[in-house]
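Data block for structure.pdb (PDB, C-alpha atoms):
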ATOM      1  CA  MET V 224      40.517-153.905 285.929  1.00  0.00           C
ATOM      2  CA  LEU V 225      40.645-151.034 283.468  1.00  0.00           C
ATOM      3  CA  SER V 226      37.753-150.804 281.071  1.00  0.00           C
ATOM      4  CA  ARG V 227      38.485-150.484 277.393  1.00  0.00           C
ATOM      5  CA  SER V 228      37.876-147.034 275.960  1.00  0.00           C
ATOM      6  CA  ARG V 229      34.863-146.999 273.688  1.00  0.00           C
ATOM      7  CA  LYS V 230      35.314-145.925 270.111  1.00  0.00           C
ATOM      8  CA  PRO V 231      32.936-143.157 269.041  1.00  0.00           C
ATOM      9  CA  PRO V 232      30.134-144.035 266.642  1.00  0.00           C
ATOM     10  CA  THR V 233      30.347-143.103 262.992  1.00  0.00           C
ATOM     11  CA  ARG V 234      28.386-139.885 262.475  1.00  0.00           C
ATOM     12  CA  ILE V 235      27.211-138.703 259.059  1.00  0.00           C
ATOM     13  CA  LEU V 236      25.941-135.113 259.069  1.00  0.00           C
ATOM     14  CA  ILE V 237      23.815-134.566 255.958  1.00  0.00           C
ATOM     15  CA  ALA V 238      22.936-131.050 254.810  1.00  0.00           C
ATOM     16  CA  ARG V 239      21.109-129.680 251.820  1.00  0.00           C
ATOM     17  CA  HIS V 240      22.683-126.741 250.000  1.00  0.00           C
ATOM     18  CA  GLY V 241      21.422-123.204 250.520  1.00  0.00           C
ATOM     19  CA  GLN V 242      18.566-121.711 248.528  1.00  0.00           C
ATOM     20  CA  THR V 243      19.307-121.307 244.816  1.00  0.00           C
ATOM     21  CA  VAL V 244      17.946-119.125 242.032  1.00  0.00           C
ATOM     22  CA  SER V 245      16.132-122.151 240.565  1.00  0.00           C
ATOM     23  CA  ASN V 246      14.573-122.920 243.983  1.00  0.00           C
ATOM     24  CA  ARG V 247      13.280-119.367 244.170  1.00  0.00           C
ATOM     25  CA  GLU V 248      11.939-119.452 240.612  1.00  0.00           C
ATOM     26  CA  GLY V 249      10.231-122.833 240.968  1.00  0.00           C
ATOM     27  CA  ARG V 250      12.330-124.617 238.338  1.00  0.00           C
ATOM     28  CA  PHE V 251      13.327-128.259 238.141  1.00  0.00           C
ATOM     29  CA  CYS V 252      17.082-128.249 238.592  1.00  0.00           C
ATOM     30  CA  GLY V 253      18.856-131.565 238.879  1.00  0.00           C
ATOM     31  CA  HIS V 254      22.042-131.822 236.825  1.00  0.00           C
ATOM     32  CA  SER V 255      22.089-128.147 235.854  1.00  0.00           C
ATOM     33  CA  GLU V 256      24.033-125.353 237.522  1.00  0.00           C
ATOM     34  CA  THR V 257      22.283-122.653 239.512  1.00  0.00           C
ATOM     35  CA  PRO V 258      23.912-120.218 241.964  1.00  0.00           C
ATOM     36  CA  LEU V 259      23.009-119.652 245.599  1.00  0.00           C
ATOM     37  CA  THR V 260      20.882-116.610 246.333  1.00  0.00           C
ATOM     38  CA  ASP V 261      21.852-114.087 249.008  1.00  0.00           C
ATOM     39  CA  LEU V 262      19.476-115.949 251.310  1.00  0.00           C
ATOM     40  CA  GLY V 263      21.170-119.226 250.405  1.00  0.00           C
ATOM     41  CA  LEU V 264      24.559-117.788 251.360  1.00  0.00           C
ATOM     42  CA  ARG V 265      23.165-116.644 254.716  1.00  0.00           C
ATOM     43  CA  GLN V 266      21.646-120.083 255.286  1.00  0.00           C
ATOM     44  CA  ALA V 267      25.042-121.671 254.636  1.00  0.00           C
ATOM     45  CA  GLY V 268      26.601-119.243 257.106  1.00  0.00           C
ATOM     46  CA  ALA V 269      24.020-120.198 259.725  1.00  0.00           C
ATOM     47  CA  LEU V 270      24.797-123.872 259.163  1.00  0.00           C
ATOM     48  CA  ALA V 271      28.508-123.108 259.574  1.00  0.00           C
ATOM     49  CA  ALA V 272      27.801-121.390 262.894  1.00  0.00           C
ATOM     50  CA  ARG V 273      25.676-124.362 263.997  1.00  0.00           C
ATOM     51  CA  LEU V 274      28.554-126.779 263.333  1.00  0.00           C
ATOM     52  CA  ALA V 275      31.359-124.505 264.558  1.00  0.00           C
ATOM     53  CA  GLY V 276      31.847-126.557 267.725  1.00  0.00           C
ATOM     54  CA  THR V 277      31.607-129.928 265.948  1.00  0.00           C
ATOM     55  CA  THR V 278      34.725-131.797 264.885  1.00  0.00           C
ATOM     56  CA  ILE V 279      34.490-132.755 261.219  1.00  0.00           C
ATOM     57  CA  ASP V 280      37.000-135.412 260.195  1.00  0.00           C
ATOM     58  CA  ALA V 281      36.059-135.577 256.518  1.00  0.00           C
ATOM     59  CA  ALA V 282      33.599-133.984 254.105  1.00  0.00           C
ATOM     60  CA  TYR V 283      31.901-134.980 250.878  1.00  0.00           C
ATOM     61  CA  SER V 284      29.866-132.948 248.415  1.00  0.00           C
ATOM     62  CA  SER V 285      27.988-133.296 245.186  1.00  0.00           C
ATOM     63  CA  ASP V 286      30.055-131.822 242.379  1.00  0.00           C
ATOM     64  CA  PHE V 287      27.519-129.095 241.571  1.00  0.00           C
ATOM     65  CA  SER V 288      28.441-125.559 242.635  1.00  0.00           C
ATOM     66  CA  ARG V 289      25.421-125.024 244.893  1.00  0.00           C
ATOM     67  CA  ALA V 290      26.639-127.908 247.051  1.00  0.00           C
ATOM     68  CA  THR V 291      30.363-127.149 246.841  1.00  0.00           C
ATOM     69  CA  THR V 292      29.773-123.471 247.706  1.00  0.00           C
ATOM     70  CA  THR V 293      27.682-124.447 250.724  1.00  0.00           C
ATOM     71  CA  ALA V 294      30.328-126.948 251.825  1.00  0.00           C
ATOM     72  CA  ALA V 295      33.117-124.376 251.433  1.00  0.00           C
ATOM     73  CA  ILE V 296      31.263-121.915 253.669  1.00  0.00           C
ATOM     74  CA  VAL V 297      30.658-124.553 256.345  1.00  0.00           C
ATOM     75  CA  LEU V 298      34.291-125.726 256.232  1.00  0.00           C
ATOM     76  CA  GLU V 299      35.924-122.289 256.124  1.00  0.00           C
ATOM     77  CA  GLY V 300      38.815-122.110 258.573  1.00  0.00           C
ATOM     78  CA  ARG V 301      39.060-125.882 258.936  1.00  0.00           C
ATOM     79  CA  ASP V 302      41.809-128.127 257.630  1.00  0.00           C
ATOM     80  CA  CYS V 303      39.258-130.079 255.624  1.00  0.00           C
ATOM     81  CA  SER V 304      38.200-129.894 251.983  1.00  0.00           C
ATOM     82  CA  PRO V 305      35.172-131.693 250.530  1.00  0.00           C
ATOM     83  CA  ARG V 306      35.708-134.686 248.299  1.00  0.00           C
ATOM     84  CA  LEU V 307      33.440-134.477 245.271  1.00  0.00           C
ATOM     85  CA  ASP V 308      31.216-137.464 244.572  1.00  0.00           C
ATOM     86  CA  ARG V 309      29.000-137.601 241.482  1.00  0.00           C
ATOM     87  CA  ASP V 310      26.772-140.176 243.173  1.00  0.00           C
ATOM     88  CA  LEU V 311      25.643-137.436 245.571  1.00  0.00           C
ATOM     89  CA  ARG V 312      24.099-135.514 242.685  1.00  0.00           C
ATOM     90  CA  GLU V 313      20.456-134.506 242.590  1.00  0.00           C
ATOM     91  CA  ILE V 314      17.968-136.479 240.499  1.00  0.00           C
ATOM     92  CA  PHE V 315      18.441-135.890 236.763  1.00  0.00           C
ATOM     93  CA  TYR V 316      15.253-134.327 235.399  1.00  0.00           C
ATOM     94  CA  GLY V 317      16.011-134.999 231.720  1.00  0.00           C
ATOM     95  CA  GLU V 318      13.723-132.905 229.505  1.00  0.00           C
ATOM     96  CA  TRP V 319      12.377-131.109 232.559  1.00  0.00           C
ATOM     97  CA  GLU V 320      15.724-129.543 233.485  1.00  0.00           C
ATOM     98  CA  LEU V 321      15.372-125.814 234.288  1.00  0.00           C
ATOM     99  CA  GLU V 322      11.705-125.787 233.292  1.00  0.00           C
ATOM    100  CA  ARG V 323       9.183-124.114 235.577  1.00  0.00           C
ATOM    101  CA  GLU V 324       6.783-126.458 237.324  1.00  0.00           C
ATOM    102  CA  ARG V 325       3.702-124.727 235.947  1.00  0.00           C
ATOM    103  CA  ALA V 326       4.991-125.173 232.369  1.00  0.00           C
ATOM    104  CA  ILE V 327       5.568-128.895 232.912  1.00  0.00           C
ATOM    105  CA  ALA V 328       2.128-129.246 234.510  1.00  0.00           C
ATOM    106  CA  ARG V 329       0.611-128.022 231.238  1.00  0.00           C
ATOM    107  CA  ARG V 330       2.953-129.815 228.823  1.00  0.00           C
ATOM    108  CA  ASP V 331       3.468-133.213 230.440  1.00  0.00           C
ATOM    109  CA  ARG V 332       0.299-133.777 232.415  1.00  0.00           C
ATOM    110  CA  VAL V 333       0.649-137.536 232.818  1.00  0.00           C
ATOM    111  CA  GLN V 334       4.138-137.586 234.323  1.00  0.00           C
ATOM    112  CA  PHE V 335       3.459-134.439 236.348  1.00  0.00           C
ATOM    113  CA  ALA V 336       0.349-136.081 237.828  1.00  0.00           C
ATOM    114  CA  LEU V 337       2.360-139.215 238.652  1.00  0.00           C
ATOM    115  CA  MET V 338       4.935-137.040 240.429  1.00  0.00           C
ATOM    116  CA  ARG V 339       2.257-135.272 242.465  1.00  0.00           C
ATOM    117  CA  ALA V 340       0.686-138.629 243.340  1.00  0.00           C
ATOM    118  CA  GLU V 341       4.111-139.862 244.545  1.00  0.00           C
ATOM    119  CA  SER V 342       3.830-142.795 242.178  1.00  0.00           C
ATOM    120  CA  PRO V 343       6.900-145.066 241.863  1.00  0.00           C
ATOM    121  CA  ALA V 344       6.127-145.074 238.139  1.00  0.00           C
ATOM    122  CA  TRP V 345       7.038-141.391 237.865  1.00  0.00           C
ATOM    123  CA  GLN V 346      10.087-140.661 235.741  1.00  0.00           C
ATOM    124  CA  PRO V 347      10.730-137.372 233.932  1.00  0.00           C
ATOM    125  CA  PRO V 348      11.314-137.960 230.208  1.00  0.00           C
ATOM    126  CA  GLY V 349      14.974-138.778 229.695  1.00  0.00           C
ATOM    127  CA  GLY V 350      15.606-138.510 233.431  1.00  0.00           C
ATOM    128  CA  GLU V 351      16.128-140.793 236.407  1.00  0.00           C
ATOM    129  CA  SER V 352      13.636-142.840 238.342  1.00  0.00           C
ATOM    130  CA  ILE V 353      13.367-142.521 242.107  1.00  0.00           C
ATOM    131  CA  THR V 354      14.499-146.126 242.464  1.00  0.00           C
ATOM    132  CA  ALA V 355      17.700-145.345 240.550  1.00  0.00           C
ATOM    133  CA  VAL V 356      18.398-142.263 242.697  1.00  0.00           C
ATOM    134  CA  ARG V 357      17.791-144.228 245.901  1.00  0.00           C
ATOM    135  CA  MET V 358      20.296-146.887 244.860  1.00  0.00           C
ATOM    136  CA  ARG V 359      22.867-144.346 243.675  1.00  0.00           C
ATOM    137  CA  THR V 360      22.790-142.094 246.721  1.00  0.00           C
ATOM    138  CA  PHE V 361      22.533-144.895 249.284  1.00  0.00           C
ATOM    139  CA  GLY V 362      25.507-146.586 247.657  1.00  0.00           C
ATOM    140  CA  ALA V 363      27.496-143.366 248.144  1.00  0.00           C
ATOM    141  CA  LEU V 364      26.363-143.151 251.761  1.00  0.00           C
ATOM    142  CA  GLN V 365      27.489-146.717 252.448  1.00  0.00           C
ATOM    143  CA  ARG V 366      30.907-146.090 250.893  1.00  0.00           C
ATOM    144  CA  ILE V 367      31.349-142.982 253.023  1.00  0.00           C
ATOM    145  CA  TRP V 368      30.511-144.572 256.375  1.00  0.00           C
ATOM    146  CA  ARG V 369      32.651-147.628 255.630  1.00  0.00           C
ATOM    147  CA  ALA V 370      35.626-145.415 254.773  1.00  0.00           C
ATOM    148  CA  HIS V 371      35.288-143.289 257.930  1.00  0.00           C
ATOM    149  CA  GLN V 372      34.413-145.609 260.765  1.00  0.00           C
ATOM    150  CA  HIS V 373      34.310-143.892 264.173  1.00  0.00           C
ATOM    151  CA  GLN V 374      34.622-140.460 262.528  1.00  0.00           C
ATOM    152  CA  THR V 375      32.273-137.534 261.939  1.00  0.00           C
ATOM    153  CA  VAL V 376      31.656-136.784 258.277  1.00  0.00           C
ATOM    154  CA  LEU V 377      29.824-133.887 256.626  1.00  0.00           C
ATOM    155  CA  VAL V 378      27.860-134.615 253.438  1.00  0.00           C
ATOM    156  CA  VAL V 379      26.445-131.679 251.449  1.00  0.00           C
ATOM    157  CA  THR V 380      23.998-132.674 248.769  1.00  0.00           C
ATOM    158  CA  HIS V 381      20.498-131.992 247.379  1.00  0.00           C
ATOM    159  CA  GLY V 382      16.863-132.229 248.427  1.00  0.00           C
ATOM    160  CA  THR V 383      15.707-135.306 246.530  1.00  0.00           C
ATOM    161  CA  ALA V 384      19.064-136.990 247.134  1.00  0.00           C
ATOM    162  CA  ILE V 385      18.534-136.582 250.889  1.00  0.00           C
ATOM    163  CA  ASN V 386      14.937-137.817 250.619  1.00  0.00           C
ATOM    164  CA  CYS V 387      16.250-140.912 248.865  1.00  0.00           C
ATOM    165  CA  MET V 388      19.098-141.617 251.296  1.00  0.00           C
ATOM    166  CA  LEU V 389      16.939-141.247 254.400  1.00  0.00           C
ATOM    167  CA  ALA V 390      14.066-143.228 252.890  1.00  0.00           C
ATOM    168  CA  GLU V 391      16.462-146.046 252.031  1.00  0.00           C
ATOM    169  CA  VAL V 392      17.956-146.095 255.540  1.00  0.00           C
ATOM    170  CA  LEU V 393      14.442-146.177 257.021  1.00  0.00           C
ATOM    171  CA  GLY V 394      13.258-148.883 254.624  1.00  0.00           C
ATOM    172  CA  MET V 395      10.411-146.719 253.336  1.00  0.00           C
ATOM    173  CA  ALA V 396       8.426-147.832 250.311  1.00  0.00           C
ATOM    174  CA  PRO V 397       9.165-145.907 247.091  1.00  0.00           C
ATOM    175  CA  ALA V 398       5.728-144.262 247.250  1.00  0.00           C
ATOM    176  CA  TYR V 399       6.725-142.563 250.529  1.00  0.00           C
ATOM    177  CA  THR V 400      10.142-141.262 249.494  1.00  0.00           C
ATOM    178  CA  PHE V 401       8.985-137.635 249.525  1.00  0.00           C
ATOM    179  CA  ARG V 402       7.275-137.782 252.938  1.00  0.00           C
ATOM    180  CA  ILE V 403      10.390-136.251 254.531  1.00  0.00           C
ATOM    181  CA  ALA V 404      10.726-132.452 254.499  1.00  0.00           C
ATOM    182  CA  VAL V 405      14.197-131.291 253.424  1.00  0.00           C
ATOM    183  CA  ALA V 406      14.791-127.559 253.861  1.00  0.00           C
ATOM    184  CA  ASN V 407      17.668-125.610 252.378  1.00  0.00           C
ATOM    185  CA  CYS V 408      20.569-126.058 254.845  1.00  0.00           C
ATOM    186  CA  GLY V 409      18.426-128.314 257.005  1.00  0.00           C
ATOM    187  CA  LEU V 410      20.551-130.788 258.952  1.00  0.00           C
ATOM    188  CA  SER V 411      19.982-134.524 259.240  1.00  0.00           C
ATOM    189  CA  GLU V 412      22.210-137.057 260.955  1.00  0.00           C
ATOM    190  CA  ILE V 413      22.848-140.760 260.663  1.00  0.00           C
ATOM    191  CA  VAL V 414      24.783-142.693 263.299  1.00  0.00           C
ATOM    192  CA  VAL V 415      26.257-146.031 262.283  1.00  0.00           C
ATOM    193  CA  ARG V 416      26.814-148.609 265.003  1.00  0.00           C
ATOM    194  CA  GLY V 417      28.512-151.684 263.619  1.00  0.00           C
ATOM    195  CA  SER V 418      26.890-151.975 260.208  1.00  0.00           C
ATOM    196  CA  LYS V 419      23.507-150.586 261.260  1.00  0.00           C
ATOM    197  CA  PRO V 420      22.622-147.006 260.231  1.00  0.00           C
ATOM    198  CA  LEU V 421      20.227-145.128 262.497  1.00  0.00           C
ATOM    199  CA  VAL V 422      18.543-141.812 261.696  1.00  0.00           C
ATOM    200  CA  VAL V 423      18.958-139.661 264.813  1.00  0.00           C
ATOM    201  CA  ARG V 424      18.181-136.212 263.378  1.00  0.00           C
ATOM    202  CA  MET V 425      15.990-135.181 260.483  1.00  0.00           C
ATOM    203  CA  ASN V 426      15.669-131.788 258.782  1.00  0.00           C
ATOM    204  CA  ASP V 427      16.741-129.786 261.836  1.00  0.00           C
ATOM    205  CA  THR V 428      16.374-126.098 260.956  1.00  0.00           C
ATOM    206  CA  SER V 429      16.727-124.584 264.428  1.00  0.00           C
ATOM    207  CA  HIS V 430      19.982-122.871 263.390  1.00  0.00           C
ATOM    208  CA  LEU V 431      18.253-120.957 260.601  1.00  0.00           C
ATOM    209  CA  GLY V 432      16.368-118.757 263.085  1.00  0.00           C
ATOM    210  CA  ALA V 433      14.427-116.011 261.353  1.00  0.00           C
ATOM    211  CA  LEU V 434      15.806-116.818 257.885  1.00  0.00           C
ATOM    212  CA  GLU V 435      13.090-117.541 255.389  1.00  0.00           C
ATOM    213  CA  PRO V 436      12.808-121.170 254.238  1.00  0.00           C
ATOM    214  CA  GLY V 437      14.114-122.012 250.779  1.00  0.00           C
ATOM    215  CA  GLY V 438      12.120-123.298 247.844  1.00  0.00           C
ATOM    216  CA  GLU V 439      11.307-126.904 247.188  1.00  0.00           C
TER     217      GLU V 439
END

As structure tokens, how would this structure be written, given the file I've shared?
Amino acid sequence: MLSRSRKPPTRILIARHGQTVSNREGRFCGHSETPLTDLGLRQAGALAARLAGTTIDAAYSSDFSRATTTAAIVLEGRDCSPRLDRDLREIFYGEWELERERAIARRDRVQFALMRAESPAWQPPGGESITAVRMRTFGALQRIWRAHQHQTVLVVTHGTAINCMLAEVLGMAPAYTFRIAVANCGLSEIVVRGSKPLVVRMNDTSHLGALEPGGE
């Protein structure tokens, strides 16, 4: 009796964009534009080389240029263009946007201290809460895996967005959302079997070799 061929699992490859000018300068950059640095472009190239032998059936990206540029480099030469999804955006920092961390530490000591303490009560003035970002980004992740069952999908997004997606998949308490390191062009992977997402790779940077790590 012939056995039925098994369908492949749904694979979601999640990558952070390459290093940006705001990363290098230590600025809060959520819903603002900032270009990739030369290092960031090289990191994206290294990620492309890492995935060169991997079939990618579909791709999604945040609509900010640092993510779309990284995605374009990874997908160069493939018959695949990233679909832009606003729900994959970084956290919105409100009044903190493009401010240096040391300036905020002086000006908004209470909220800055809550951020450093990883308090769920932290919310930059006029910006998003971590709970809101977790719901937004995880909702996008669910839509993607449901639309591409048994396929391999690339998702290029942002540091806090990845923290939130992985923390939600792992069922981590809000206070532990930032306990996952997310390097520029680090690679994480979720495999979905049935309706159950499993984290099988987290912040893999082996492809970056001697390249310097990006900023936070």

Find the spatial neighbours of range 408-412 of chain V, counting all atoms listed in the file, within a cut-off of 6 Å - ignore same-chain residues fewer than 2 positions away - and output them as a list in words. Ile235, Leu236, Ile237, Ala238, Arg239, His240, Gly241, Ala406, Val423, Arg424, Met425, Asn426, Asp427 and Thr428 of chain V

Can you write out the residues you just picked, keeping C-alpha atoms, as a PDB file, in the coordinates of the input?
ATOM      1  CA  ILE V 235      27.211-138.703 259.059  1.00  0.00           C
ATOM      2  CA  LEU V 236      25.941-135.113 259.069  1.00  0.00           C
ATOM      3  CA  ILE V 237      23.815-134.566 255.958  1.00  0.00           C
ATOM      4  CA  ALA V 238      22.936-131.050 254.810  1.00  0.00           C
ATOM      5  CA  ARG V 239      21.109-129.680 251.820  1.00  0.00           C
ATOM      6  CA  HIS V 240      22.683-126.741 250.000  1.00  0.00           C
ATOM      7  CA  GLY V 241      21.422-123.204 250.520  1.00  0.00           C
ATOM      8  CA  ALA V 406      14.791-127.559 253.861  1.00  0.00           C
ATOM      9  CA  VAL V 423      18.958-139.661 264.813  1.00  0.00           C
ATOM     10  CA  ARG V 424      18.181-136.212 263.378  1.00  0.00           C
ATOM     11  CA  MET V 425      15.990-135.181 260.483  1.00  0.00           C
ATOM     12  CA  ASN V 426      15.669-131.788 258.782  1.00  0.00           C
ATOM     13  CA  ASP V 427      16.741-129.786 261.836  1.00  0.00           C
ATOM     14  CA  THR V 428      16.374-126.098 260.956  1.00  0.00           C
TER      15      THR V 428
END

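Residues lying within 7 Å of Asp280 in chain V, counting all atoms listed in the file and ignoring same-chain neighbours fewer than 6 positions away, are Gln374, Thr375 and Val376 of chain V.
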
Leaving out Val356 in chain V and any residue of its chain fewer than 3 positions from it, which residues lie within 7 Å of it when counting all atoms listed in the file, given as a list in words?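 Skipping anything fewer than 3 positions along the chain leaves Ile314, Glu351, Ser352, Ile353, Arg359, Thr360, Ala384 and Cys387 of chain V.
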
Counting only C-alpha atoms, the residue among V:Thr293, V:Thr243, V:Asn407, V:Gln334 that lies closest to Ala271 in chain V is V:Thr293

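For Glu248 in chain V, the residues within 10 Å (counting only C-alpha atoms, excluding itself and residues fewer than 2 positions away along the chain) are Thr243, Val244, Ser245, Asn246, Arg250, Phe251, Leu321, Glu322, Arg323, Glu324, Gly438 and Glu439 of chain V.
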
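For the structure in this document, the set picked by the PyMOL selection byres ((chain V and resi 398) around 10) is Met338, Ala340, Glu341, Ser342, Pro343, Ala344, Trp345, Ile353, Met395, Ala396, Pro397, Tyr399, Thr400, Phe401 and Arg402 of chain V.
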
Compute the distance from (31.2, -119.7, 265.0) to each atom, counting only C-alpha atoms, keep the residues with any atom at most 12 Å away, and return them as a ChimeraX atom specification; use the coordinates of the file. /V:268-277,296-301,430

Could you please determine the separation between CA of Ser285 in chain V and CA of Pro231 in chain V in Å, to one decimal place?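 These two atoms are separated by 26.3 Å.
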
I need the residue set behind the PyMOL selection byres ((chain V and resi 315) around 8) for this file; please write it as a ChimeraX atom specification. /V:252-254,313-314,316-317,320,350-351

My list of candidates is V:Met358, V:Val333, V:Arg306, V:Ala290. Which is closest to His381 in chain V when distances are computed with all atoms listed in the file? V:Ala290

Could you tell me which of V:Ser429, V:Thr383, V:Gln372, V:Ser288 comes closest to Thr354 in chain V if we count all atoms listed in the file?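 Among the listed residues, the smallest separation from Thr354 in chain V belongs to V:Thr383.
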
Calculate how many Å separate CA of Ser304 in chain V from CA of Leu259 in chain V, rounding to one decimal.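 Going from CA of Ser304 in chain V over to CA of Leu259 in chain V covers 19.4 Å.
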
Would you mind reading off the distance between CA of Gln266 in chain V and CA of Leu431 in chain V, one decimal, in Å?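 Separating CA of Gln266 in chain V from CA of Leu431 in chain V is a distance of 6.4 Å.
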
Determine the nearest neighbour of Pro232 in chain V from the options V:Leu262, V:Val414, V:Ile385, V:Ala267, counting all atoms listed in the file. V:Val414

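Ranking V:Pro348, V:Arg234, V:Arg265, V:Gln365 by their shortest atom-to-atom distance to Ile413 in chain V, with all atoms listed in the file included, puts V:Arg234 first.
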